[in-house]
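Visitor: Sharing upload-v6.txt below, compact mmCIF, C-alpha atoms:
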# COMPACT_ATOMS: atom_id res chain seq x y z
CA MET A 8 0.00 0.00 0.00
CA LYS A 9 1.25 3.45 -0.87
CA ILE A 10 0.01 6.80 0.43
CA LEU A 11 0.42 9.85 -1.80
CA GLU A 12 -0.33 13.44 -0.85
CA VAL A 13 -2.44 15.25 -3.43
CA LYS A 14 -0.19 17.88 -4.94
CA ASP A 15 -0.64 17.85 -8.71
CA LYS A 16 -3.24 17.60 -11.44
CA VAL A 17 -2.96 13.82 -11.72
CA SER A 18 -3.44 13.13 -8.01
CA ARG A 19 -6.29 15.67 -7.81
CA LYS A 20 -8.09 13.80 -10.57
CA GLN A 21 -7.45 10.45 -8.85
CA PHE A 22 -8.80 11.86 -5.59
CA LEU A 23 -12.05 12.75 -7.37
CA GLU A 24 -12.39 9.68 -9.59
CA VAL A 25 -11.93 6.97 -6.93
CA VAL A 26 -15.65 7.20 -6.13
CA GLU A 27 -16.50 5.75 -9.56
CA ASP A 28 -14.95 2.47 -8.44
CA ILE A 29 -16.46 2.44 -4.95
CA TYR A 30 -20.04 3.33 -5.96
CA GLN A 31 -20.26 1.65 -9.36
CA ASN A 32 -23.12 -0.63 -8.19
CA ASP A 33 -24.90 1.81 -5.86
CA ASP A 34 -27.98 3.30 -7.51
CA ALA A 35 -28.66 5.71 -4.63
CA TYR A 36 -25.30 7.47 -4.83
CA VAL A 37 -25.08 10.92 -6.37
CA ARG A 38 -21.55 12.07 -7.03
CA PRO A 39 -20.89 15.60 -5.74
CA LEU A 40 -19.83 18.10 -8.35
CA ASP A 41 -16.06 18.11 -8.74
CA GLY A 42 -16.02 21.89 -8.57
CA MET A 43 -17.59 21.85 -5.10
CA ILE A 44 -14.87 19.52 -3.83
CA GLU A 45 -12.02 21.38 -5.48
CA GLU A 46 -13.16 24.74 -4.07
CA ILE A 47 -12.87 23.36 -0.54
CA PHE A 48 -9.16 22.66 -1.06
CA ASP A 49 -8.38 25.87 -2.94
CA PRO A 50 -6.98 28.60 -0.63
CA SER A 51 -8.10 31.27 -3.10
CA GLN A 52 -11.74 30.15 -2.81
CA ASN A 53 -12.13 28.72 0.71
CA ILE A 54 -11.90 31.41 3.39
CA PHE A 55 -11.21 28.77 6.04
CA PHE A 56 -7.59 28.76 4.83
CA THR A 57 -7.21 32.22 6.40
CA HIS A 58 -7.50 30.55 9.81
CA GLY A 59 -6.61 26.96 9.08
CA SER A 60 -4.86 24.42 6.90
CA ALA A 61 -5.82 21.32 4.96
CA THR A 62 -4.38 18.55 2.85
CA ARG A 63 -5.57 15.35 1.22
CA PHE A 64 -4.22 11.93 0.37
CA ILE A 65 -4.91 9.00 -1.92
CA LEU A 66 -4.09 5.36 -1.24
CA LYS A 67 -2.86 2.96 -3.91
CA ILE A 68 -2.55 -0.82 -3.97
CA GLU A 69 -0.16 -1.48 -6.83
CA ASN A 70 -1.44 0.94 -9.51
CA ARG A 71 -5.07 1.04 -8.35
CA VAL A 72 -6.37 3.96 -6.30
CA VAL A 73 -8.47 2.34 -3.55
CA GLY A 74 -9.17 5.20 -1.15
CA ARG A 75 -8.81 8.82 -0.18
CA VAL A 76 -8.95 11.05 2.89
CA ALA A 77 -8.51 14.71 3.83
CA ALA A 78 -7.24 16.24 7.05
CA PHE A 79 -7.69 19.82 8.19
CA ILE A 80 -7.45 22.22 11.10
CA ASN A 81 -9.90 25.05 11.69
CA GLU A 82 -7.92 27.14 14.17
CA LYS A 83 -11.01 29.09 15.24
CA LYS A 84 -12.52 25.90 16.66
CA ALA A 85 -9.64 23.46 17.15
CA PHE A 86 -8.54 24.95 20.46
CA GLY A 87 -12.03 25.41 21.90
CA PHE A 88 -12.25 21.79 23.06
CA GLU A 89 -10.64 20.07 26.04
CA GLN A 90 -8.00 18.80 23.62
CA PRO A 91 -6.96 20.49 20.34
CA THR A 92 -9.15 18.80 17.73
CA GLY A 93 -8.70 18.66 13.98
CA GLY A 94 -10.89 17.19 11.28
CA LEU A 95 -10.99 14.23 8.94
CA GLY A 96 -13.22 14.18 5.91
CA PHE A 97 -13.89 13.14 2.32
CA PHE A 98 -13.02 9.60 3.33
CA GLU A 99 -13.70 6.96 0.69
CA CYS A 100 -12.36 3.41 0.62
CA ILE A 101 -12.96 0.00 -0.85
CA ASP A 102 -14.21 -2.64 1.59
CA ASN A 103 -10.77 -3.31 3.03
CA LYS A 104 -10.11 -2.69 6.73
CA GLU A 105 -6.33 -2.46 6.35
CA ALA A 106 -6.69 0.19 3.67
CA ALA A 107 -9.20 2.18 5.74
CA PHE A 108 -6.95 2.13 8.81
CA LYS A 109 -4.00 3.24 6.70
CA LEU A 110 -5.98 6.30 5.62
CA PHE A 111 -7.06 7.05 9.21
CA ASP A 112 -3.44 6.69 10.40
CA THR A 113 -2.27 9.10 7.71
CA ALA A 114 -4.76 11.78 8.70
CA LYS A 115 -3.96 11.28 12.38
CA GLU A 116 -0.20 11.66 11.88
CA TRP A 117 -0.63 14.81 9.81
CA LEU A 118 -2.78 16.34 12.54
CA LYS A 119 -0.46 15.20 15.37
CA GLU A 120 2.49 16.86 13.66
CA ARG A 121 0.55 20.12 13.85
CA GLY A 122 -0.33 19.93 17.53
CA MET A 123 -3.71 18.22 17.40
CA GLU A 124 -4.67 15.62 20.02
CA ALA A 125 -7.94 14.43 18.48
CA MET A 126 -9.90 14.39 15.24
CA ASP A 127 -13.58 14.62 14.38
CA GLY A 128 -14.93 12.94 11.32
CA PRO A 129 -16.16 12.71 8.79
CA ILE A 130 -16.58 16.49 8.64
CA ASN A 131 -15.99 19.32 6.21
CA PHE A 132 -13.32 22.02 6.03
CA GLY A 133 -16.10 24.58 6.09
CA GLU A 134 -19.56 25.05 7.58
CA ASN A 135 -21.56 22.01 8.63
CA ASP A 136 -24.33 22.37 6.02
CA ASN A 137 -22.39 20.18 3.56
CA PHE A 138 -20.40 16.92 3.72
CA TRP A 139 -20.86 16.37 7.45
CA GLY A 140 -21.29 13.12 9.37
CA LEU A 141 -21.25 9.44 8.49
CA LEU A 142 -24.49 8.00 7.10
CA VAL A 143 -25.49 4.99 9.23
CA ASP A 144 -29.23 4.67 8.51
CA GLY A 145 -31.43 5.66 5.57
CA PHE A 146 -29.36 4.75 2.52
CA THR A 147 -31.62 6.48 0.01
CA GLN A 148 -30.66 9.10 -2.56
CA PRO A 149 -29.05 11.99 -0.65
CA GLY A 150 -30.13 15.60 -0.85
CA PHE A 151 -27.69 18.08 -2.36
CA GLY A 152 -24.72 18.54 -0.03
CA MET A 153 -25.73 15.69 2.29
CA GLN A 154 -23.13 13.07 3.10
CA TYR A 155 -23.62 9.61 1.56
CA ASN A 156 -21.41 6.55 1.99
CA PRO A 157 -21.55 2.74 1.92
CA PRO A 158 -22.88 1.02 5.09
CA TYR A 159 -19.55 -0.73 5.74
CA TYR A 160 -17.80 2.56 6.61
CA LYS A 161 -19.42 2.45 10.06
CA LYS A 162 -17.42 -0.61 11.10
CA PHE A 163 -14.20 1.03 9.92
CA PHE A 164 -14.72 4.10 12.12
CA GLU A 165 -15.85 2.20 15.20
CA GLU A 166 -13.26 -0.61 15.00
CA TYR A 167 -10.52 1.98 14.59
CA GLY A 168 -11.63 3.57 17.87
CA PHE A 169 -13.80 6.53 16.92
CA SER A 170 -16.53 7.33 19.47
CA ASN A 171 -20.01 8.69 18.73
CA TYR A 172 -19.79 12.42 19.46
CA PHE A 173 -23.24 13.36 18.26
CA GLU A 174 -26.00 12.02 16.03
CA GLN A 175 -27.70 13.96 13.26
CA ILE A 176 -31.26 13.16 12.25
CA THR A 177 -32.79 14.15 8.94
CA ASN A 178 -36.56 13.94 8.71
CA HIS A 179 -38.82 14.09 5.68
CA LEU A 180 -42.11 15.92 5.17
CA ASP A 181 -44.58 14.62 2.62
CA LEU A 182 -46.10 17.81 1.19
CA THR A 183 -49.07 15.88 -0.18
CA VAL A 184 -50.15 15.17 3.41
CA PRO A 185 -51.65 18.05 5.45
CA PHE A 186 -49.75 19.30 8.51
CA PRO A 187 -51.36 18.53 11.89
CA GLU A 188 -54.20 21.00 12.54
CA ARG A 189 -52.73 22.10 15.87
CA PHE A 190 -49.55 23.22 14.11
CA TRP A 191 -51.45 25.52 11.75
CA LYS A 192 -53.54 26.95 14.60
CA ILE A 193 -50.38 28.12 16.34
CA ALA A 194 -48.93 29.40 13.05
CA GLY A 195 -52.09 31.33 12.19
CA TRP A 196 -52.06 32.98 15.61
CA VAL A 197 -48.40 34.00 15.27
CA VAL A 198 -48.65 35.60 11.83
CA LYS A 199 -51.56 37.76 12.99
CA LYS A 200 -49.93 38.86 16.23
CA GLU A 201 -49.18 42.57 16.37
CA GLY A 202 -45.54 43.47 15.94
CA PHE A 203 -44.57 40.37 13.95
CA ASN A 204 -44.04 40.34 10.19
CA PHE A 205 -42.47 38.03 7.65
CA LYS A 206 -40.62 38.66 4.38
CA HIS A 207 -39.04 36.37 1.83
CA PHE A 208 -35.53 36.86 0.50
CA SER A 209 -34.97 39.10 -2.51
CA TRP A 210 -31.73 39.70 -4.38
CA ASN A 211 -32.83 43.33 -4.81
CA GLN A 212 -32.21 43.73 -1.07
CA GLY A 213 -29.66 40.95 -0.81
CA SER A 214 -27.20 42.85 1.38
CA LYS A 215 -29.87 43.70 3.97
CA PHE A 216 -31.13 40.12 4.14
CA LEU A 217 -27.59 38.86 4.62
CA ASP A 218 -27.17 41.38 7.44
CA ASP A 219 -30.36 40.02 9.00
CA PHE A 220 -29.19 36.43 8.57
CA GLU A 221 -25.90 37.26 10.28
CA THR A 222 -27.72 38.94 13.19
CA VAL A 223 -30.08 36.02 13.76
CA TYR A 224 -27.44 33.34 13.32
CA ASN A 225 -24.98 34.85 15.75
CA ASP A 226 -27.70 35.14 18.40
CA ALA A 227 -29.56 31.88 17.78
CA TRP A 228 -26.44 29.66 17.84
CA ARG A 229 -24.65 31.30 20.78
CA TYR A 230 -25.54 28.41 23.13
CA HIS A 231 -24.10 25.76 20.82
CA GLU A 232 -20.88 24.14 21.97
CA ASN A 233 -17.72 25.91 20.78
CA PHE A 234 -19.82 28.50 18.93
CA LYS A 235 -18.07 30.93 16.61
CA PRO A 236 -19.91 33.76 14.77
CA ILE A 237 -20.55 33.15 11.11
CA ASP A 238 -18.10 34.76 8.71
CA ARG A 239 -19.86 37.25 6.44
CA LYS A 240 -17.67 36.31 3.47
CA VAL A 241 -18.61 32.64 3.89
CA LEU A 242 -22.28 33.60 3.95
CA GLU A 243 -21.98 35.75 0.81
CA THR A 244 -20.06 33.02 -1.00
CA THR A 245 -22.62 30.37 -0.10
CA MET A 246 -25.55 32.43 -1.32
CA ASN A 247 -23.83 33.46 -4.55
CA LYS A 248 -23.02 29.84 -5.35
CA ALA A 249 -26.65 28.88 -4.71
CA LYS A 250 -28.01 31.68 -6.89
CA PRO A 251 -28.33 29.57 -10.09
CA PHE A 252 -30.80 27.19 -8.45
CA MET A 253 -32.23 28.92 -5.37
CA MET A 254 -35.79 30.28 -5.25
CA GLU A 255 -36.26 33.60 -3.43
CA ASP A 256 -39.65 32.71 -1.96
CA LEU A 257 -38.28 29.55 -0.33
CA ILE A 258 -36.17 31.67 2.05
CA TRP A 259 -38.15 33.52 4.74
CA PHE A 260 -37.26 35.93 7.53
CA ALA A 261 -39.25 36.81 10.65
CA TYR A 262 -39.19 40.25 12.28
CA HIS A 263 -40.36 41.76 15.54
CA HIS A 264 -41.12 45.27 14.36
CA ASP A 265 -37.95 45.94 12.33
CA ASP A 266 -35.63 43.59 14.22
CA PRO A 267 -34.76 40.26 12.54
CA ILE A 268 -35.61 37.36 14.87
CA GLY A 269 -35.66 34.24 12.69
CA PHE A 270 -35.18 32.66 9.27
CA ILE A 271 -35.65 29.48 7.29
CA VAL A 272 -33.61 28.61 4.21
CA LEU A 273 -34.72 26.01 1.66
CA PHE A 274 -32.81 25.02 -1.46
CA PRO A 275 -34.28 22.84 -4.23
CA ASP A 276 -32.63 19.41 -4.40
CA VAL A 277 -30.12 19.82 -7.21
CA ASN A 278 -29.14 16.15 -6.86
CA GLN A 279 -32.31 15.24 -8.73
CA ILE A 280 -30.76 16.91 -11.77
CA VAL A 281 -27.02 16.26 -11.43
CA LYS A 282 -27.34 12.52 -10.77
CA GLY A 283 -25.57 10.99 -13.74
CA PHE A 284 -23.32 13.99 -14.35
CA LYS A 285 -20.39 12.08 -12.75
CA GLY A 286 -19.30 15.24 -11.00
CA LYS A 287 -18.85 17.21 -14.21
CA MET A 288 -20.51 20.53 -15.04
CA ASN A 289 -19.40 20.74 -18.66
CA ALA A 290 -21.25 22.56 -21.43
CA LEU A 291 -23.62 19.66 -22.13
CA ASN A 292 -24.42 19.15 -18.47
CA LYS A 293 -25.07 22.86 -18.04
CA LEU A 294 -27.75 22.59 -20.70
CA LYS A 295 -29.16 19.49 -18.97
CA PHE A 296 -29.17 21.40 -15.70
CA LEU A 297 -31.12 24.30 -17.18
CA TRP A 298 -33.60 21.93 -18.79
CA GLY A 299 -34.07 20.08 -15.49
CA LYS A 300 -34.56 23.31 -13.58
CA TYR A 301 -37.15 24.82 -15.91
CA SER A 302 -38.97 21.53 -16.45
CA ASN A 303 -39.47 21.28 -12.66
CA LYS A 304 -37.44 18.11 -12.27
CA MET A 305 -36.57 19.15 -8.71
CA THR A 306 -39.55 17.82 -6.75
CA ARG A 307 -37.83 17.98 -3.38
CA ALA A 308 -36.38 20.84 -1.36
CA ARG A 309 -33.97 20.71 1.52
CA VAL A 310 -34.34 22.81 4.66
CA VAL A 311 -30.71 23.81 4.99
CA ILE A 312 -31.07 25.87 8.15
CA LEU A 313 -33.76 27.19 10.49
CA GLY A 314 -32.99 29.58 13.34
CA VAL A 315 -34.79 31.80 15.84
CA VAL A 316 -33.12 34.10 18.36
CA PRO A 317 -33.37 32.74 21.94
CA LYS A 318 -35.80 35.29 23.35
CA PHE A 319 -38.40 34.39 20.69
CA GLN A 320 -37.92 30.63 20.69
CA ARG A 321 -41.07 30.10 22.73
CA SER A 322 -43.20 32.42 20.60
CA GLY A 323 -44.13 30.10 17.74
CA ILE A 324 -41.95 31.95 15.23
CA GLU A 325 -40.91 28.66 13.61
CA SER A 326 -44.57 27.93 12.90
CA GLY A 327 -45.01 31.41 11.44
CA LEU A 328 -42.09 30.85 9.08
CA PHE A 329 -43.64 27.60 7.86
CA TRP A 330 -47.02 29.34 7.47
CA ASN A 331 -45.51 31.76 4.99
CA LEU A 332 -43.46 29.05 3.35
CA LYS A 333 -46.68 27.08 2.82
CA GLY A 334 -48.04 29.76 0.53
CA ALA A 335 -44.87 29.72 -1.60
CA VAL A 336 -44.87 25.92 -1.84
CA GLU A 337 -48.53 25.83 -2.90
CA LYS A 338 -47.52 27.90 -5.94
CA LYS A 339 -45.09 25.11 -6.84
CA PRO A 340 -47.26 21.97 -7.01
CA TYR A 341 -44.33 19.99 -8.41
CA LEU A 342 -42.69 20.15 -4.93
CA LYS A 343 -43.74 16.95 -3.17
CA GLU A 344 -41.28 16.59 -0.30
CA LEU A 345 -39.17 18.57 2.15
CA GLU A 346 -35.98 17.17 3.62
CA LEU A 347 -35.42 18.65 7.09
CA SER A 348 -31.69 18.36 7.49
CA TRP A 349 -30.01 17.86 9.85
CA VAL A 350 -30.76 18.19 13.58
CA GLY A 351 -28.24 17.06 16.17
CA ASP A 352 -29.25 15.07 19.23
CA PHE A 353 -27.89 18.04 21.20
CA ASN A 354 -30.83 20.16 19.94
CA PRO A 355 -34.03 18.70 21.47
CA LYS A 356 -36.09 21.83 20.77
CA MET A 357 -35.75 21.44 17.02
CA ARG A 358 -36.51 17.74 17.21
CA VAL A 359 -39.75 18.47 19.02
CA LEU A 360 -40.66 21.05 16.37
CA GLN A 361 -40.18 18.56 13.54
CA GLU A 362 -42.28 15.96 15.34
CA SER A 363 -45.08 18.52 15.76
CA MET A 364 -45.09 18.99 11.99
CA GLY A 365 -45.67 15.31 11.33
CA ALA A 366 -42.22 14.70 9.88
CA SER A 367 -41.05 11.11 9.48
CA PHE A 368 -37.57 9.66 9.91
CA GLY A 369 -35.36 9.86 6.86
CA LYS A 370 -31.69 9.42 7.70
CA LYS A 371 -29.21 9.29 10.54
CA HIS A 372 -25.61 10.44 10.45
CA ILE A 373 -22.99 10.24 13.19
CA THR A 374 -20.14 12.66 13.79
CA TYR A 375 -17.33 10.74 15.48
CA ARG A 376 -14.40 11.83 17.63
CA TYR A 377 -11.10 10.01 18.10
CA LEU A 378 -8.49 10.84 20.77
CA PHE A 379 -4.91 10.18 19.78
CA ASN A 380 -3.83 9.05 23.26
CA GLY A 381 -6.05 5.99 22.98
CA GLN A 382 -8.34 7.01 25.82
CA LYS A 383 -12.05 7.57 25.52
CA ILE A 384 -13.18 11.16 25.23
CA SER A 385 -13.73 12.57 28.69
CA LYS A 386 -16.96 14.22 27.58
CA GLU A 387 -18.72 11.36 25.81
CA ARG A 388 -21.15 13.49 23.80
CA ALA A 389 -21.55 17.04 22.51
CA SER A 390 -23.19 19.37 25.02
CA GLN A 391 -26.98 19.49 24.74
CA ILE A 392 -28.73 22.79 24.18
CA PRO A 393 -31.22 23.22 27.05
CA VAL A 394 -34.89 22.95 26.12
CA ASP A 395 -35.44 26.09 28.20
CA THR A 396 -32.71 28.28 26.79
CA LYS A 397 -31.05 30.64 29.24
CA TYR A 398 -32.71 34.03 28.88
CA SER A 399 -31.38 37.34 30.06
CA GLU A 400 -33.71 39.69 31.89
CA ASP A 401 -33.94 41.83 28.75
CA ASP A 402 -34.94 38.75 26.76
CA LYS A 403 -37.81 37.99 29.15
CA LYS A 404 -39.36 41.44 28.72
CA VAL A 405 -40.54 40.68 25.18
CA LEU A 406 -42.24 37.38 26.00
Can you present the structure in this file as structure tokens?
Guide:
Amino acid sequence: MKILEVKDKVSRKQFLEVVEDIYQNDDAYVRPLDGMIEEIFDPSQNIFFTHGSATRFILKIENRVVGRVAAFINEKKAFGFEQPTGGLGFFECIDNKEAAFKLFDTAKEWLKERGMEAMDGPINFGENDNFWGLLVDGFTQPGFGMQYNPPYYKKFFEEYGFSNYFEQITNHLDLTVPFPERFWKIAGWVVKKEGFNFKHFSWNQGSKFLDDFETVYNDAWRYHENFKPIDRKVLETTMNKAKPFMMEDLIWFAYHHDDPIGFIVLFPDVNQIVKGFKGKMNALNKLKFLWGKYSNKMTRARVVILGVVPKFQRSGIESGLFWNLKGAVEKKPYLKELELSWVGDFNPKMRVLQESMGASFGKKHITYRYLFNGQKISKERASQIPVDTKYSEDDKKVL
């Protein structure tokens, strides 16, 4: 077995193409676009390189590429844990334990040389909305940006010594089935309550909506473990990349008077179009993409993120967002399903919300952690966000 660091055009291509071998008989797999992967490892396009580092490797047996892995350090988060923790991601491997362990060892040694004492994986060198977690249940066609892998990867991670750090549940909503009546009663009350209003995203006021997103995000996620404010450049980049396929009226914001207090972001499931592209967005596939988009081939949408600032989390704002979203979806009868991705087991409030909507189980991912000293992690699981979030006295005044 031979490990090679990806440093040239040939090895970059081999890193991308190894999935064709691994998934050749898997009908559910949708290969991510090569451009999405390459941007993550390009310092000129991924802002995380301004506060971190990354590399990737391929594994060969004789002349056959049989696996790949990436290792990275996000310095803004790495030192916020009990032990400095790096990341492992983009792992792919044939069903060979020795090969898998060789890839894990390679990532571990690279991280150890740079002062890390643990690694989380599989994760992304970026935000957690894409390529995050190991799929362990629900091996159906993934939504765009959602991690997919063969079932046998689970035994590789756990036999190597990775521990379950948190679980991520993705639920599905059948839009042909009415929401529970109680849910709409609450939503109807919220949207009529004085002082509350709702607006959908518009590129004409794109800068203002991004300001509002940043405000809500940095407040709503402040109780998450090792929280770091969102980077405005990352947000702008994400939205600009989504512009070719996003729909303005599938992104809604909630306001209390003029203050932003919540949002929900849905993207159509591009995977329904790009399946079969083999990662390539060449001229022909661009035409196929446009045809698929305008012929309404995307019948699913993915809830990428939903957030409400803490002092309004008991005010039914989530229901109000879905109330307004309902009107937009009804204008798109070709949309049949929503994928509500993903909610960690550390976030019981959001799980309860999805249950109240009548959502059904879709998929489960696990984010693992591995300590290099061979001991179990002292904190077995990620910290849970309290159901009753801690409110300041100023927060309580508006309730």
Visitor: Hey, what's within 12 Å of range 195-208 of chain A if we count all atoms listed in the file and toss same-chain stuff fewer than 2 positions away? As a PDB file with C-alpha atoms, keeping the file's coordinate frame, please?
Guide:
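around-v6.pdb was written with the following content:
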ATOM      1  CA  GLU A 188     -54.200  21.000  12.540  1.00  0.00           C
ATOM      2  CA  ARG A 189     -52.730  22.100  15.870  1.00  0.00           C
ATOM      3  CA  PHE A 190     -49.550  23.220  14.110  1.00  0.00           C
ATOM      4  CA  TRP A 191     -51.450  25.520  11.750  1.00  0.00           C
ATOM      5  CA  LYS A 192     -53.540  26.950  14.600  1.00  0.00           C
ATOM      6  CA  ILE A 193     -50.380  28.120  16.340  1.00  0.00           C
ATOM      7  CA  TRP A 210     -31.730  39.700  -4.380  1.00  0.00           C
ATOM      8  CA  ASN A 211     -32.830  43.330  -4.810  1.00  0.00           C
ATOM      9  CA  GLN A 212     -32.210  43.730  -1.070  1.00  0.00           C
ATOM     10  CA  GLY A 213     -29.660  40.950  -0.810  1.00  0.00           C
ATOM     11  CA  SER A 214     -27.200  42.850   1.380  1.00  0.00           C
ATOM     12  CA  LYS A 215     -29.870  43.700   3.970  1.00  0.00           C
ATOM     13  CA  PHE A 216     -31.130  40.120   4.140  1.00  0.00           C
ATOM     14  CA  LEU A 217     -27.590  38.860   4.620  1.00  0.00           C
ATOM     15  CA  ASP A 218     -27.170  41.380   7.440  1.00  0.00           C
ATOM     16  CA  ASP A 219     -30.360  40.020   9.000  1.00  0.00           C
ATOM     17  CA  PHE A 220     -29.190  36.430   8.570  1.00  0.00           C
ATOM     18  CA  MET A 246     -25.550  32.430  -1.320  1.00  0.00           C
ATOM     19  CA  LYS A 250     -28.010  31.680  -6.890  1.00  0.00           C
ATOM     20  CA  MET A 253     -32.230  28.920  -5.370  1.00  0.00           C
ATOM     21  CA  MET A 254     -35.790  30.280  -5.250  1.00  0.00           C
ATOM     22  CA  GLU A 255     -36.260  33.600  -3.430  1.00  0.00           C
ATOM     23  CA  ASP A 256     -39.650  32.710  -1.960  1.00  0.00           C
ATOM     24  CA  LEU A 257     -38.280  29.550  -0.330  1.00  0.00           C
ATOM     25  CA  ILE A 258     -36.170  31.670   2.050  1.00  0.00           C
ATOM     26  CA  TRP A 259     -38.150  33.520   4.740  1.00  0.00           C
ATOM     27  CA  PHE A 260     -37.260  35.930   7.530  1.00  0.00           C
ATOM     28  CA  ALA A 261     -39.250  36.810  10.650  1.00  0.00           C
ATOM     29  CA  TYR A 262     -39.190  40.250  12.280  1.00  0.00           C
ATOM     30  CA  HIS A 263     -40.360  41.760  15.540  1.00  0.00           C
ATOM     31  CA  HIS A 264     -41.120  45.270  14.360  1.00  0.00           C
ATOM     32  CA  ASP A 265     -37.950  45.940  12.330  1.00  0.00           C
ATOM     33  CA  ASP A 266     -35.630  43.590  14.220  1.00  0.00           C
ATOM     34  CA  PRO A 267     -34.760  40.260  12.540  1.00  0.00           C
ATOM     35  CA  ILE A 268     -35.610  37.360  14.870  1.00  0.00           C
ATOM     36  CA  GLY A 269     -35.660  34.240  12.690  1.00  0.00           C
ATOM     37  CA  PHE A 270     -35.180  32.660   9.270  1.00  0.00           C
ATOM     38  CA  ILE A 271     -35.650  29.480   7.290  1.00  0.00           C
ATOM     39  CA  VAL A 272     -33.610  28.610   4.210  1.00  0.00           C
ATOM     40  CA  LEU A 273     -34.720  26.010   1.660  1.00  0.00           C
ATOM     41  CA  PHE A 319     -38.400  34.390  20.690  1.00  0.00           C
ATOM     42  CA  ARG A 321     -41.070  30.100  22.730  1.00  0.00           C
ATOM     43  CA  SER A 322     -43.200  32.420  20.600  1.00  0.00           C
ATOM     44  CA  GLY A 323     -44.130  30.100  17.740  1.00  0.00           C
ATOM     45  CA  ILE A 324     -41.950  31.950  15.230  1.00  0.00           C
ATOM     46  CA  GLU A 325     -40.910  28.660  13.610  1.00  0.00           C
ATOM     47  CA  SER A 326     -44.570  27.930  12.900  1.00  0.00           C
ATOM     48  CA  GLY A 327     -45.010  31.410  11.440  1.00  0.00           C
ATOM     49  CA  LEU A 328     -42.090  30.850   9.080  1.00  0.00           C
ATOM     50  CA  PHE A 329     -43.640  27.600   7.860  1.00  0.00           C
ATOM     51  CA  TRP A 330     -47.020  29.340   7.470  1.00  0.00           C
ATOM     52  CA  ASN A 331     -45.510  31.760   4.990  1.00  0.00           C
ATOM     53  CA  LEU A 332     -43.460  29.050   3.350  1.00  0.00           C
ATOM     54  CA  LYS A 333     -46.680  27.080   2.820  1.00  0.00           C
ATOM     55  CA  GLY A 334     -48.040  29.760   0.530  1.00  0.00           C
ATOM     56  CA  ALA A 335     -44.870  29.720  -1.600  1.00  0.00           C
ATOM     57  CA  VAL A 405     -40.540  40.680  25.180  1.00  0.00           C
TER      58      VAL A 405
END
Visitor: Measuring atom to atom with all atoms listed in the file, identify which of A:Val315, A:Leu347, A:Val13, A:Ile29 is nearest to Ala227 in chain A.
Guide: A:Val315
Visitor: In Å, with one decimal, what is the gap from CA of Met123 in chain A to CA of Pro91 in chain A?
Guide: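 CA of Pro91 in chain A lies 4.9 Å from CA of Met123 in chain A.
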Visitor: Counting only C-alpha atoms, which of A:Ala35, A:Ile373, A:Ala366, A:Val281 gets nearest to Val143 in chain A?
Guide: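 With only C-alpha atoms as the atom set, the closest residue is A:Ile373.
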Visitor: If I take CA of Pro236 in chain A and CA of Phe88 in chain A, how far is one from the other in Å, to one decimal?
Guide: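 About the pair CA of Pro236 in chain A and CA of Phe88 in chain A: they are 16.5 Å apart.
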Visitor: Give me, please, the distance in Å between CA of Phe234 in chain A and CA of Arg75 in chain A, quoted to one decimal.
Guide: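 These atoms are spaced 29.6 Å apart.
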Visitor: Could you give me, as a Markdown table, a per-residue list for range 288-401 of chain A showing, wherever an atom lies at most 6 Å from an atom of range 160-183 of chain A, the closest pair of atoms and their distance in Å to one decimal, using only C-alpha atoms and sorting by chain then residue number from low to high?
Guide:
| residue | atom | partner | partner_atom | distance |
| --- | --- | --- | --- | --- |
| A:Lys343 | CA | A:Leu182 | CA | 5.0 |
| A:Glu344 | CA | A:Asp181 | CA | 4.8 |
| A:Leu345 | CA | A:Leu180 | CA | 5.0 |
| A:Glu346 | CA | A:His179 | CA | 4.7 |
| A:Leu347 | CA | A:Asn178 | CA | 5.1 |
| A:Ser348 | CA | A:Thr177 | CA | 4.6 |
| A:Trp349 | CA | A:Thr177 | CA | 4.7 |
| A:Val350 | CA | A:Ile176 | CA | 5.2 |
| A:Gly351 | CA | A:Gln175 | CA | 4.3 |
| A:Asp352 | CA | A:Glu174 | CA | 5.5 |
| A:Ala366 | CA | A:Leu180 | CA | 4.9 |
| A:Ser367 | CA | A:His179 | CA | 5.3 |
| A:Phe368 | CA | A:Asn178 | CA | 4.6 |
| A:Gly369 | CA | A:Asn178 | CA | 4.6 |
| A:Lys370 | CA | A:Thr177 | CA | 5.0 |
| A:Lys371 | CA | A:Ile176 | CA | 4.7 |
| A:His372 | CA | A:Gln175 | CA | 5.0 |
| A:Ile373 | CA | A:Glu174 | CA | 4.5 |
| A:Thr374 | CA | A:Phe173 | CA | 5.5 |
| A:Tyr375 | CA | A:Asn171 | CA | 4.7 |
| A:Arg376 | CA | A:Ser170 | CA | 5.3 |
| A:Tyr377 | CA | A:Phe169 | CA | 4.6 |
| A:Arg388 | CA | A:Tyr172 | CA | 4.7 |
| A:Ala389 | CA | A:Tyr172 | CA | 5.8 |
Visitor: Between A:Ile10, A:Ser51, A:Arg19, A:Lys282, which is the closest to Phe108 in chain A once you count only C-alpha atoms?
Guide: A:Ile10
Visitor: My list of candidates is A:Thr57, A:Phe111, A:Glu105, A:Val316. Which is closest to Trp228 in chain A when distances are computed with all atoms listed in the file?
Guide: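 Among the listed residues, A:Val316 lies closest to Trp228 in chain A.
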Visitor: Nearest residue to Glu12 in chain A out of A:Asn137, A:Thr62, A:Asn70, A:Thr147, using only C-alpha atoms?
Guide: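 Closest to Glu12 in chain A, using only C-alpha atoms: A:Thr62.
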Visitor: Using all atoms listed in the file, find the one residue out of A:Pro317, A:Gln31, A:Pro149, A:Phe353 that sits nearest to Asp276 in chain A.
Guide: A:Pro149
